[in-house]
$ cat data-v6.pdb   # PDB, C-alpha atoms
ATOM      1  CA  HIS M   1       1.442 193.575   1.497
ATOM      2  CA  LEU M   2       4.072 196.211   0.926
ATOM      3  CA  SER M   3       5.850 196.842  -2.346
ATOM      4  CA  ALA M   4       9.633 197.082  -2.366
ATOM      5  CA  GLN M   5       9.404 200.892  -2.225
ATOM      6  CA  GLU M   6       6.840 200.783   0.584
ATOM      7  CA  ARG M   7       9.113 198.485   2.604
ATOM      8  CA  GLN M   8      11.898 201.054   2.248
ATOM      9  CA  ASP M   9       9.547 203.890   3.231
ATOM     10  CA  ALA M  10       8.301 201.912   6.257
ATOM     11  CA  LEU M  11      11.819 201.762   7.690
ATOM     12  CA  ALA M  12      11.289 205.376   8.796
ATOM     13  CA  LEU M  13       9.111 204.029  11.625
ATOM     14  CA  SER M  14      11.793 201.879  13.235
ATOM     15  CA  ARG M  15      14.522 204.447  12.530
ATOM     16  CA  THR M  16      12.481 207.121  14.285
ATOM     17  CA  LEU M  17      11.832 204.892  17.304
ATOM     18  CA  PHE M  18      15.540 204.064  17.491
ATOM     19  CA  GLN M  19      16.385 207.785  17.344
ATOM     20  CA  LEU M  20      13.929 208.450  20.184
ATOM     21  CA  LYS M  21      15.689 205.838  22.289
ATOM     22  CA  GLN M  22      19.122 207.274  21.458
ATOM     23  CA  SER M  23      18.017 210.844  22.317
ATOM     24  CA  TYR M  24      15.950 209.928  25.383
ATOM     25  CA  SER M  25      18.459 211.045  28.028
ATOM     26  CA  GLU M  26      19.295 214.305  26.233
ATOM     27  CA  LYS M  27      15.887 215.902  25.632
ATOM     28  CA  PRO M  28      12.567 216.465  27.417
ATOM     29  CA  LEU M  29       9.623 214.232  26.502
ATOM     30  CA  SER M  30       7.771 217.028  24.719
ATOM     31  CA  GLN M  31      10.732 217.736  22.450
ATOM     32  CA  LEU M  32      11.276 214.048  21.705
ATOM     33  CA  LYS M  33       7.650 213.618  20.683
ATOM     34  CA  GLU M  34       7.604 216.787  18.592
ATOM     35  CA  GLU M  35      10.753 215.818  16.694
ATOM     36  CA  ALA M  36       9.474 212.289  16.049
ATOM     37  CA  TYR M  37       6.146 213.674  14.837
ATOM     38  CA  LYS M  38       7.854 216.079  12.428
ATOM     39  CA  THR M  39      10.131 213.346  11.116
ATOM     40  CA  LEU M  40       7.305 210.907  10.412
ATOM     41  CA  HIS M  41       4.757 213.500   9.287
ATOM     42  CA  THR M  42       7.128 214.588   6.512
ATOM     43  CA  ALA M  43       8.549 211.134   5.682
ATOM     44  CA  LYS M  44       8.043 209.958   2.121
ATOM     45  CA  GLY M  45       5.295 207.355   1.779
ATOM     46  CA  ILE M  46       4.161 207.579   5.423
ATOM     47  CA  VAL M  47       0.695 208.717   6.510
ATOM     48  CA  LEU M  48       1.142 209.126  10.245
ATOM     49  CA  GLU M  49      -1.823 208.234  12.459
ATOM     50  CA  TYR M  50      -0.113 208.850  15.786
ATOM     51  CA  ILE M  51       3.143 208.865  17.696
ATOM     52  CA  GLU M  52       2.859 208.823  21.481
ATOM     53  CA  LEU M  53       5.179 208.510  24.454
ATOM     54  CA  CYS M  54       3.335 206.511  27.099
ATOM     55  CA  ASN M  55       3.647 205.166  30.596
ATOM     56  CA  ALA M  56       4.493 201.545  29.815
ATOM     57  CA  ALA M  57       2.294 200.205  32.619
ATOM     58  CA  THR M  58      -0.875 202.155  31.822
ATOM     59  CA  LEU M  59      -0.375 203.377  28.227
ATOM     60  CA  ALA M  60      -1.502 206.802  29.411
ATOM     61  CA  PRO M  61       0.532 209.685  27.971
ATOM     62  CA  ALA M  62       3.844 209.931  29.819
ATOM     63  CA  VAL M  63       4.198 212.908  32.130
ATOM     64  CA  ASP M  64       7.778 212.554  33.321
ATOM     65  CA  LYS M  65      10.869 210.445  32.907
ATOM     66  CA  SER M  66      10.528 208.717  36.271
ATOM     67  CA  GLU M  67       8.057 206.361  34.591
ATOM     68  CA  ARG M  68       8.923 203.430  32.349
ATOM     69  CA  ILE M  69       8.320 204.973  28.907
ATOM     70  CA  ILE M  70       7.293 203.280  25.675
ATOM     71  CA  ALA M  71       7.029 205.040  22.330
ATOM     72  CA  ILE M  72       4.176 203.811  20.149
ATOM     73  CA  VAL M  73       3.497 204.663  16.530
ATOM     74  CA  ALA M  74       0.857 203.839  13.925
ATOM     75  CA  ALA M  75       1.008 204.847  10.287
ATOM     76  CA  LYS M  76      -0.204 203.801   6.870
ATOM     77  CA  VAL M  77       2.271 202.877   4.203
ATOM     78  CA  GLY M  78       0.407 202.289   0.981
ATOM     79  CA  LYS M  79      -2.764 200.444   1.966
ATOM     80  CA  THR M  80      -1.158 198.757   4.964
ATOM     81  CA  ARG M  81      -1.474 200.020   8.544
ATOM     82  CA  LEU M  82       1.717 199.458  10.510
ATOM     83  CA  ILE M  83       2.258 199.716  14.239
ATOM     84  CA  ASP M  84       5.498 199.594  16.178
ATOM     85  CA  ASN M  85       6.817 200.380  19.637
ATOM     86  CA  GLU M  86      10.033 200.732  21.569
ATOM     87  CA  PHE M  87      10.835 201.026  25.254
ATOM     88  CA  LEU M  88      12.851 204.196  25.725
ATOM     89  CA  ASN M  89      14.220 203.520  29.215
TER      90      ASN M  89
END

$ encode --input "data-v6.pdb" --output "structure tokens"
Amino acid sequence: HLSAQERQDALALSRTLFQLKQSYSEKPLSQLKEEAYKTLHTAKGIVLEYIELCNAATLAPAVDKSERIIAIVAAKVGKTRLIDNEFLN
């Protein structure tokens, strides 16, 4: 279970995924991933395990934007491991 503060901290995950989706058409995949990593790595209360941009069909790391792309993230907030994802295109 998350405390009230941990719930607030955890919102960084969904906000970051939403920002990735909003910025998808403007930036290359490598830049999107790097910015998301920096945001979550420095976010208060978040211990980032991974952020990855993947081919939605295979879950292999995405290589170009011609694929259907999904962003996936895992992080610990307090003692709870959270995972989330968002299709970017």

$ closest_residue --input "data-v6.pdb" --among "M:Lys65, M:Lys76, M:Arg81, M:Arg7" --to "Leu29 (chain M)" --atoms "only C-alpha atoms"
M:Lys65

$ resolve_selection --input "data-v6.pdb" --expression "the PyMOL selection byres ((chain M and resi 88) around 10)" --output "ChimeraX atom specification"
/M:17-25,53-54,56,65,68-71,85-87,89

$ closest_residue --input "data-v6.pdb" --among "M:Gln5, M:Thr42, M:Thr80, M:Ser30" --to "Ala62 (chain M)" --atoms "only C-alpha atoms"
M:Ser30

$ residues_around --input "data-v6.pdb" --residues "Ala4 (chain M)" --least-positions-apart "4" --cutoff "12 Å" --atoms "all atoms listed in the file" --output "ChimeraX atom specification"
/M:8-11,45,77-78

$ atom_distance --input "data-v6.pdb" --atom1 "CA of Ile46 (chain M)" --atom2 "CA of Thr16 (chain M)"
12.2 Å

$ axis_aligned_box --input "data-v6.pdb" --around "region 47-56 of chain M" --padding-each-side "6 Å" --output "AutoDock Vina command-line options"
--center_x 1.7 --center_y 205.3 --center_z 18.6 --size_x 19.0 --size_y 19.6 --size_z 36.1

$ closest_residue --input "data-v6.pdb" --among "M:Tyr50, M:Lys27, M:Glu35, M:Ala43" --to "Glu6 (chain M)" --atoms "all atoms listed in the file"
M:Ala43

$ resolve_selection --input "data-v6.pdb" --expression "the PyMOL selection byres ((chain M and resi 49) around 7)" --output "ChimeraX atom specification"
/M:47-48,50,74-75

$ write_last_selection --input "data-v6.pdb" --atoms "C-alpha atoms" --output "CSV table (one decimal), in the coordinates of the input"
chain,number,residue,atom,x,y,z
M,47,VAL,CA,0.7,208.7,6.5
M,48,LEU,CA,1.1,209.1,10.2
M,50,TYR,CA,-0.1,208.8,15.8
M,74,ALA,CA,0.9,203.8,13.9
M,75,ALA,CA,1.0,204.8,10.3

$ atom_distance --input "data-v6.pdb" --atom1 "CA of Ile83 (chain M)" --atom2 "CA of His41 (chain M)"
14.9 Å

$ atom_distance --input "data-v6.pdb" --atom1 "CA of Glu34 (chain M)" --atom2 "CA of Ile72 (chain M)"
13.5 Å

$ closest_residue --input "data-v6.pdb" --among "M:Glu26, M:Ala36, M:Ser66, M:Ile51" --to "Leu82 (chain M)" --atoms "all atoms listed in the file"
M:Ile51

$ closest_residue --input "data-v6.pdb" --among "M:Lys44, M:Lys79, M:Lys38, M:Arg15" --to "His1 (chain M)" --atoms "only C-alpha atoms"
M:Lys79

$ build_atoms --input "data-v6.pdb" --residues "region 11-37 of chain M" --atoms "N, CA and C atoms" --output "compact mmCIF listing (two decimals), in the frame of the given file"
# COMPACT_ATOMS: atom_id res chain seq x y z
N LEU M 11 10.67 201.77 6.78
CA LEU M 11 11.82 201.76 7.69
C LEU M 11 11.92 203.04 8.50
N ALA M 12 11.28 204.12 8.04
CA ALA M 12 11.29 205.38 8.80
C ALA M 12 10.68 205.18 10.18
N LEU M 13 9.73 204.26 10.32
CA LEU M 13 9.11 204.03 11.62
C LEU M 13 10.14 203.51 12.63
N SER M 14 10.82 202.45 12.29
CA SER M 14 11.79 201.88 13.24
C SER M 14 12.99 202.80 13.43
N ARG M 15 13.40 203.49 12.37
CA ARG M 15 14.52 204.45 12.53
C ARG M 15 14.15 205.57 13.49
N THR M 16 12.92 206.05 13.40
CA THR M 16 12.48 207.12 14.28
C THR M 16 12.40 206.64 15.73
N LEU M 17 11.88 205.44 15.95
CA LEU M 17 11.83 204.89 17.30
C LEU M 17 13.24 204.71 17.87
N PHE M 18 14.16 204.23 17.05
CA PHE M 18 15.54 204.06 17.49
C PHE M 18 16.15 205.43 17.85
N GLN M 19 15.87 206.45 17.05
CA GLN M 19 16.39 207.78 17.34
C GLN M 19 15.81 208.32 18.65
N LEU M 20 14.53 208.05 18.91
CA LEU M 20 13.93 208.45 20.18
C LEU M 20 14.69 207.82 21.35
N LYS M 21 14.97 206.54 21.22
CA LYS M 21 15.69 205.84 22.29
C LYS M 21 17.09 206.42 22.48
N GLN M 22 17.77 206.72 21.39
CA GLN M 22 19.12 207.27 21.46
C GLN M 22 19.12 208.67 22.09
N SER M 23 18.08 209.46 21.84
CA SER M 23 18.02 210.84 22.32
C SER M 23 17.31 210.98 23.66
N TYR M 24 16.81 209.89 24.20
CA TYR M 24 15.95 209.93 25.38
C TYR M 24 16.58 210.68 26.56
N SER M 25 17.83 210.43 26.85
CA SER M 25 18.46 211.04 28.03
C SER M 25 18.82 212.51 27.80
N GLU M 26 18.82 212.97 26.56
CA GLU M 26 19.30 214.30 26.23
C GLU M 26 18.20 215.36 26.14
N LYS M 27 16.95 214.94 25.95
CA LYS M 27 15.89 215.90 25.63
C LYS M 27 14.64 215.64 26.47
N PRO M 28 13.83 216.67 26.70
CA PRO M 28 12.57 216.46 27.42
C PRO M 28 11.57 215.69 26.55
N LEU M 29 10.61 215.05 27.21
CA LEU M 29 9.62 214.23 26.50
C LEU M 29 8.90 215.01 25.41
N SER M 30 8.52 216.24 25.70
CA SER M 30 7.77 217.03 24.72
C SER M 30 8.59 217.26 23.45
N GLN M 31 9.87 217.51 23.61
CA GLN M 31 10.73 217.74 22.45
C GLN M 31 10.94 216.45 21.67
N LEU M 32 11.12 215.34 22.37
CA LEU M 32 11.28 214.05 21.70
C LEU M 32 10.06 213.73 20.84
N LYS M 33 8.88 213.92 21.42
CA LYS M 33 7.65 213.62 20.68
C LYS M 33 7.49 214.55 19.49
N GLU M 34 7.75 215.82 19.68
CA GLU M 34 7.60 216.79 18.59
C GLU M 34 8.54 216.47 17.43
N GLU M 35 9.78 216.14 17.74
CA GLU M 35 10.75 215.82 16.69
C GLU M 35 10.37 214.54 15.95
N ALA M 36 9.90 213.53 16.69
CA ALA M 36 9.47 212.29 16.05
C ALA M 36 8.26 212.53 15.14
N TYR M 37 7.33 213.34 15.64
CA TYR M 37 6.15 213.67 14.84
C TYR M 37 6.56 214.35 13.53
